[in-house]
Amino acid sequence: MFFLRLLRYFYIFFKRHFFIFVSGNSDFSKMKLNSIYKEISLDNSYLNEEFENKFSKLIGSGKSLTYAAARMGLYHLLKELGIGKNDEVILLGSTCSVMPNAIIRTGATPIYSDVDKETFGSSLSGIKNCISKNTKVIIAQHSYGIPCEIDKIKDFLKDKNIFLVEDCALTVGSKIKNKNVGTFGDAAIFSFDHTKPINLFMGGVLYTENVQLFEKLKNSWKKIENIPVYRQKKIWKEFIFENKFFRNNIAAKGFFISKLRSFFRKIFFIKSPFLDDDFGTSYISDYPYPARMPSFLCSIGLEEIKNFKEFSEAKKVFLKNFIKLIKESSIEDILPKSYLNDRLDIIPSRICFQINNGSDFRKRLRFLIDVDSTWFLEPIIVRNEPLKNFLYNAGSCKNSEEIGPKMINIPVSNSKHINELLLKKLKKFLFLLN
Ligand SMILES: Cc1ncc(COP(=O)(O)O)c(C=O)c1O
């Protein structure tokens, strides 16, 4: 198995075009990179503030705080809300392990709500099924760039004393009837991990339009530690590697080198720059938890925000052309209905759909697309412990468990040219879906 995979990686190395799920980021001049490198330090939080202000303006009238990862923003919020033992926090049963980890760290219990088959995100009915007298917080997730039923969920909670958090890790800038996701709930989290809509390699934001809550959070945020400098330098090196290799026609080489690097890290017990101690249910990380977002990443973020509109436009055009192609091939039944809902303005972070022979189709696609990185093949992904350790009961999210194996993810690039190329190559595979 291992050698077959190794052989596949070798084969991919020689491919001219291979499409991966790392979102890509802006081009940086050498001079700009040199000036960003100099910002690696412990005390230049003015850059965090500048980034927080600019990011907030992308979303709405609220304010933001920056963290080394979105999960840490959630954890900080839960602590500030006094969430702990005997409290229940509802989240989607199609999530990343770091989310239940953040909840479990507070002493509260994660309760998993089922997935909406049309948006792959949270649904009102799924959430209603999970509410109990102990429910203190609900996390409603927008998946793949598609807004979930957040307007209905907000309406339902109007007269209830339950705090609503939007998980916008996978969705930035998408709208329901012209209102941005992230502005419906009492607060929202955003992630800047390298597979997310804004790729800063890592980082996250907690956003809220509640002024009092923001002031309270800001006060305690000031006491939050920074990632140590030696570790920031490791993150920098990885960012530079990905910025150079995870693009256009050298992505296949980048993919191969990156697999090789993680293989050597494993056999020589070298710590990766990723914040991967939170993939289980442990409370112990070898970095501060929660931690601030390193300021140099905020500098990179300021550049990405400048390009956000252009990158989002490229993604929207890809979705439009993909839908057109699917319709022309008379297979539009495979599309989730949300793609055809004109109340929604979708900026896709991936294009997703489910088909019965998902695993066969992924096998066919694997020399074109890094299908091993398909999201939510299972209810909790990127985990190093069994599902039951996260207090997930098998069978509790039927849709999620049913959809998972059928899931197809198509990468969406910031670049129009790459998207056109992928669409052309995908045409050859569509007959398999008939
Ligand atoms: C749906 C979802 N929410 C939240 C997160 C957490 O983001 P971060 O890695 O920045 O903590 C992830 C991470 O992959 C995610 O997939």
# chains A, B, ... in the order shown; residues from 1 in each chain; ligands from 1

$ residues_near_ligand --ligand "ligand 1" --cutoff "8 Å" --atoms "only C-alpha atoms and all ligand atoms" --output "ChimeraX atom specification"
/A:68-72,94-99,141-143,167-170,189-193,195-196,202-204,275,382

$ write_last_selection --atoms "N, CA, C and O atoms" --output "compact mmCIF listing (two decimals), in the first residue's frame"
# COMPACT_ATOMS: atom_id res chain seq x y z
N ALA A 68 -3.38 32.42 16.32
CA ALA A 68 -2.52 31.57 15.48
C ALA A 68 -3.34 30.55 14.69
O ALA A 68 -2.84 29.96 13.73
N ALA A 69 -4.60 30.33 15.10
CA ALA A 69 -5.51 29.45 14.36
C ALA A 69 -6.94 29.79 14.78
O ALA A 69 -7.15 30.29 15.89
N ALA A 70 -7.90 29.46 13.90
CA ALA A 70 -9.31 29.79 14.19
C ALA A 70 -9.79 29.09 15.46
O ALA A 70 -10.54 29.66 16.25
N ARG A 71 -9.34 27.83 15.65
CA ARG A 71 -9.76 27.05 16.83
C ARG A 71 -9.46 27.82 18.12
O ARG A 71 -10.19 27.73 19.10
N MET A 72 -8.36 28.58 18.12
CA MET A 72 -7.93 29.30 19.33
C MET A 72 -8.86 30.49 19.59
O MET A 72 -9.11 30.86 20.73
N SER A 94 -19.40 17.35 10.47
CA SER A 94 -18.53 17.34 9.28
C SER A 94 -17.54 18.45 9.55
O SER A 94 -17.68 19.55 9.03
N THR A 95 -16.59 18.16 10.40
CA THR A 95 -15.71 19.23 10.85
C THR A 95 -14.29 18.71 11.00
O THR A 95 -14.00 17.56 10.72
N CYS A 96 -13.42 19.60 11.44
CA CYS A 96 -12.02 19.23 11.64
C CYS A 96 -11.83 18.95 13.14
O CYS A 96 -12.42 19.63 13.99
N SER A 97 -10.97 17.98 13.44
CA SER A 97 -10.76 17.54 14.83
C SER A 97 -10.41 18.68 15.79
O SER A 97 -10.71 18.63 16.98
N VAL A 98 -9.79 19.74 15.27
CA VAL A 98 -9.34 20.83 16.15
C VAL A 98 -10.52 21.58 16.77
O VAL A 98 -10.37 22.25 17.79
N MET A 99 -11.71 21.45 16.16
CA MET A 99 -12.90 22.14 16.70
C MET A 99 -13.41 21.43 17.95
O MET A 99 -13.52 22.07 19.01
N GLN A 141 -22.00 25.93 10.67
CA GLN A 141 -20.86 25.91 9.74
C GLN A 141 -21.30 26.11 8.29
O GLN A 141 -22.25 25.50 7.82
N HIS A 142 -20.57 26.98 7.60
CA HIS A 142 -20.74 27.17 6.15
C HIS A 142 -19.62 26.37 5.48
O HIS A 142 -18.45 26.70 5.66
N SER A 143 -19.99 25.36 4.70
CA SER A 143 -18.94 24.50 4.13
C SER A 143 -18.65 24.84 2.67
O SER A 143 -19.57 25.19 1.92
N ASP A 167 -19.17 29.32 11.86
CA ASP A 167 -17.86 28.80 11.47
C ASP A 167 -17.67 29.11 9.98
O ASP A 167 -18.24 28.45 9.11
N CYS A 168 -16.87 30.15 9.74
CA CYS A 168 -16.63 30.60 8.36
C CYS A 168 -15.23 30.17 7.90
O CYS A 168 -14.66 30.79 6.99
N ALA A 169 -14.67 29.12 8.53
CA ALA A 169 -13.32 28.69 8.16
C ALA A 169 -13.22 28.41 6.66
O ALA A 169 -12.19 28.65 6.05
N LEU A 170 -14.32 27.88 6.09
CA LEU A 170 -14.25 27.46 4.69
C LEU A 170 -14.99 28.42 3.76
O LEU A 170 -15.15 28.13 2.57
N ILE A 189 -15.93 32.72 13.38
CA ILE A 189 -14.49 32.43 13.25
C ILE A 189 -14.13 32.25 11.77
O ILE A 189 -14.93 31.75 10.99
N PHE A 190 -12.90 32.66 11.45
CA PHE A 190 -12.35 32.51 10.09
C PHE A 190 -10.97 31.89 10.23
O PHE A 190 -10.25 32.20 11.18
N SER A 191 -10.60 31.05 9.27
CA SER A 191 -9.28 30.41 9.32
C SER A 191 -8.43 30.82 8.11
O SER A 191 -8.96 30.98 7.01
N PHE A 192 -7.13 30.97 8.35
CA PHE A 192 -6.22 31.33 7.23
C PHE A 192 -5.19 30.23 6.98
O PHE A 192 -4.10 30.47 6.48
N ASP A 193 -5.55 29.01 7.38
CA ASP A 193 -4.72 27.86 7.09
C ASP A 193 -4.54 27.72 5.56
O ASP A 193 -5.37 28.24 4.81
N THR A 195 -5.20 25.73 3.28
CA THR A 195 -6.25 25.18 2.40
C THR A 195 -7.50 26.05 2.42
O THR A 195 -8.51 25.70 1.81
N LYS A 196 -7.45 27.16 3.13
CA LYS A 196 -8.66 27.96 3.35
C LYS A 196 -8.76 29.11 2.33
O LYS A 196 -7.78 29.42 1.63
N MET A 202 -1.15 29.86 7.96
CA MET A 202 -1.96 29.56 9.14
C MET A 202 -2.45 30.87 9.76
O MET A 202 -2.04 31.96 9.36
N GLY A 203 -3.32 30.75 10.74
CA GLY A 203 -3.85 31.95 11.41
C GLY A 203 -5.37 31.89 11.44
O GLY A 203 -5.99 31.03 10.81
N GLY A 204 -5.95 32.79 12.21
CA GLY A 204 -7.41 32.82 12.29
C GLY A 204 -7.91 34.09 12.93
O GLY A 204 -7.13 34.86 13.51
N LEU A 275 0.43 23.48 13.48
CA LEU A 275 -0.02 23.40 14.88
C LEU A 275 -0.82 22.10 15.04
O LEU A 275 -2.04 22.12 15.20
N VAL A 382 -8.94 14.90 9.89
CA VAL A 382 -7.61 15.27 10.40
C VAL A 382 -7.54 14.94 11.90
O VAL A 382 -7.33 15.79 12.74

$ residues_around --residues "A:Leu6" --least-positions-apart "6" --cutoff "12 Å" --atoms "only C-alpha atoms" --output "PyMOL selection string"
chain A and resi 12-13+256-257+259-260+263

$ closest_residue --among "A:Gly404, A:Gly395, A:Gly301, A:Pro411" --to "A:Leu368" --atoms "only C-alpha atoms"
A:Pro411

$ residues_around --residues "A:Asn25" --least-positions-apart "6" --cutoff "12 Å" --atoms "only C-alpha atoms" --output "mmCIF file with C-alpha atoms, in the first residue's frame"
data_model
loop_
_atom_site.group_PDB
_atom_site.id
_atom_site.type_symbol
_atom_site.label_atom_id
_atom_site.label_comp_id
_atom_site.auth_asym_id
_atom_site.auth_seq_id
_atom_site.Cartn_x
_atom_site.Cartn_y
_atom_site.Cartn_z
ATOM 1 C CA PHE A 192 -6.225 31.328 7.234
ATOM 2 C CA ASP A 193 -4.717 27.855 7.095
ATOM 3 C CA HIS A 194 -3.191 27.062 3.676
ATOM 4 C CA THR A 195 -6.246 25.181 2.396
ATOM 5 C CA LYS A 196 -8.663 27.958 3.350
ATOM 6 C CA PRO A 197 -10.126 30.777 1.206
ATOM 7 C CA ILE A 198 -7.461 33.264 2.360
ATOM 8 C CA ASN A 199 -4.164 31.391 2.590
ATOM 9 C CA LEU A 200 -1.614 32.838 5.039
ATOM 10 C CA PHE A 201 -0.244 29.353 5.735
ATOM 11 C CA PHE A 239 5.364 29.583 3.837
ATOM 12 C CA ILE A 240 8.225 30.440 1.461
ATOM 13 C CA GLU A 242 4.656 26.715 -0.492
ATOM 14 C CA ASN A 243 4.563 30.188 -2.043
ATOM 15 C CA LYS A 244 7.278 29.078 -4.457
ATOM 16 C CA PHE A 245 6.169 25.543 -5.279
ATOM 17 C CA PHE A 246 2.416 25.286 -4.784
ATOM 18 C CA ARG A 247 1.504 27.104 -7.931
ATOM 19 C CA ASN A 248 0.596 26.549 -11.533
ATOM 20 C CA ILE A 300 1.126 38.754 4.384
ATOM 21 C CA GLY A 301 -2.598 38.988 5.128
ATOM 22 C CA LEU A 302 -2.641 42.674 4.230
ATOM 23 C CA GLU A 303 -1.365 41.753 0.752
ATOM 24 C CA GLU A 304 -3.933 38.967 0.368
ATOM 25 C CA ILE A 305 -6.771 41.319 1.284
ATOM 26 C CA LYS A 306 -5.685 43.651 -1.539
ATOM 27 C CA ASN A 307 -6.186 40.748 -3.976
ATOM 28 C CA PHE A 308 -9.283 39.268 -2.330
ATOM 29 C CA GLU A 310 -9.839 39.567 -7.875
ATOM 30 C CA PHE A 311 -9.229 36.066 -6.442
ATOM 31 C CA SER A 413 -7.720 28.310 -7.775
ATOM 32 C CA ASN A 414 -7.211 32.061 -7.382
ATOM 33 C CA SER A 415 -6.009 32.047 -10.971
#

$ residues_around --residues "A:Arg105" --least-positions-apart "2" --cutoff "9 Å" --atoms "only C-alpha atoms" --output "PDB file with N, CA and C atoms, in the first residue's frame"
ATOM      1  N   TYR A  75     -11.822  28.937  21.187  1.00  0.00           N
ATOM      2  CA  TYR A  75     -11.516  28.586  22.586  1.00  0.00           C
ATOM      3  C   TYR A  75     -11.546  29.836  23.472  1.00  0.00           C
ATOM      4  N   GLY A  84     -18.105  25.684  30.225  1.00  0.00           N
ATOM      5  CA  GLY A  84     -17.280  24.655  30.880  1.00  0.00           C
ATOM      6  C   GLY A  84     -18.103  23.414  31.167  1.00  0.00           C
ATOM      7  N   PRO A 100     -13.731  20.100  17.894  1.00  0.00           N
ATOM      8  CA  PRO A 100     -14.104  19.446  19.162  1.00  0.00           C
ATOM      9  C   PRO A 100     -12.981  19.528  20.189  1.00  0.00           C
ATOM     10  N   ASN A 101     -11.719  19.526  19.733  1.00  0.00           N
ATOM     11  CA  ASN A 101     -10.595  19.655  20.673  1.00  0.00           C
ATOM     12  C   ASN A 101     -10.738  20.950  21.483  1.00  0.00           C
ATOM     13  N   ALA A 102     -11.065  22.053  20.788  1.00  0.00           N
ATOM     14  CA  ALA A 102     -11.191  23.345  21.481  1.00  0.00           C
ATOM     15  C   ALA A 102     -12.323  23.294  22.505  1.00  0.00           C
ATOM     16  N   ILE A 103     -13.413  22.606  22.144  1.00  0.00           N
ATOM     17  CA  ILE A 103     -14.576  22.520  23.051  1.00  0.00           C
ATOM     18  C   ILE A 103     -14.226  21.653  24.259  1.00  0.00           C
ATOM     19  N   GLY A 107     -13.845  21.852  28.932  1.00  0.00           N
ATOM     20  CA  GLY A 107     -14.583  20.987  29.854  1.00  0.00           C
ATOM     21  C   GLY A 107     -16.008  20.756  29.366  1.00  0.00           C
ATOM     22  N   ALA A 108     -16.442  21.464  28.306  1.00  0.00           N
ATOM     23  CA  ALA A 108     -17.802  21.296  27.783  1.00  0.00           C
ATOM     24  C   ALA A 108     -17.884  20.055  26.884  1.00  0.00           C
ATOM     25  N   THR A 281      -7.542  14.617  21.308  1.00  0.00           N
ATOM     26  CA  THR A 281      -8.352  15.222  22.367  1.00  0.00           C
ATOM     27  C   THR A 281      -7.453  15.729  23.498  1.00  0.00           C
ATOM     28  N   SER A 282      -6.144  15.852  23.191  1.00  0.00           N
ATOM     29  CA  SER A 282      -5.197  16.263  24.229  1.00  0.00           C
ATOM     30  C   SER A 282      -5.302  17.767  24.524  1.00  0.00           C
ATOM     31  N   TYR A 283      -4.973  18.130  25.773  1.00  0.00           N
ATOM     32  CA  TYR A 283      -4.961  19.537  26.160  1.00  0.00           C
ATOM     33  C   TYR A 283      -3.564  20.122  25.994  1.00  0.00           C
TER      34      TYR A 283
END

$ atom_distance --atom1 "atom CA of A:Leu319" --atom2 "atom CA of A:Arg364"
21.6 Å

$ select_by_dssp --residues "stretch 3-201 of chain A" --states "alpha helix (DSSP H)" --output "JSON, numbers by chain"
{"A": [3, 4, 5, 6, 7, 8, 9, 10, 11, 12, 13, 30, 31, 32, 33, 34, 35, 36, 37, 46, 47, 48, 49, 50, 51, 52, 53, 54, 55, 56, 57, 58, 59, 70, 71, 72, 73, 74, 75, 76, 77, 78, 79, 80, 98, 99, 100, 101, 102, 103, 104, 105, 106, 124, 125, 126, 127, 128, 150, 151, 152, 153, 154, 155, 156, 157]}

$ atom_distance --atom1 "atom CA of A:Trp375" --atom2 "atom CA of A:Lys57"
29.0 Å

$ atom_distance --atom1 "atom CA of A:Ser359" --atom2 "atom CA of A:Lys266"
27.6 Å

$ closest_residue --among "A:Lys388, A:Lys179, A:Lys315, A:Lys398" --to "A:Asn419" --atoms "only C-alpha atoms"
A:Lys315

$ closest_residue --among "A:Cys298, A:Ile40, A:Val211, A:Ile334" --to "A:Lys234" --atoms "only C-alpha atoms"
A:Ile40

$ closest_residue --among "A:Ile410, A:Ile139, A:Leu430, A:Met293" --to "A:Lys327" --atoms "only C-alpha atoms"
A:Leu430

$ closest_residue --among "A:Tyr289, A:Tyr144, A:Phe390, A:Tyr112" --to "A:Ile127" --atoms "only C-alpha atoms"
A:Tyr112

$ closest_residue --among "A:Asn219, A:Asn389, A:Asn321, A:Ser330" --to "A:Leu421" --atoms "only C-alpha atoms"
A:Asn321
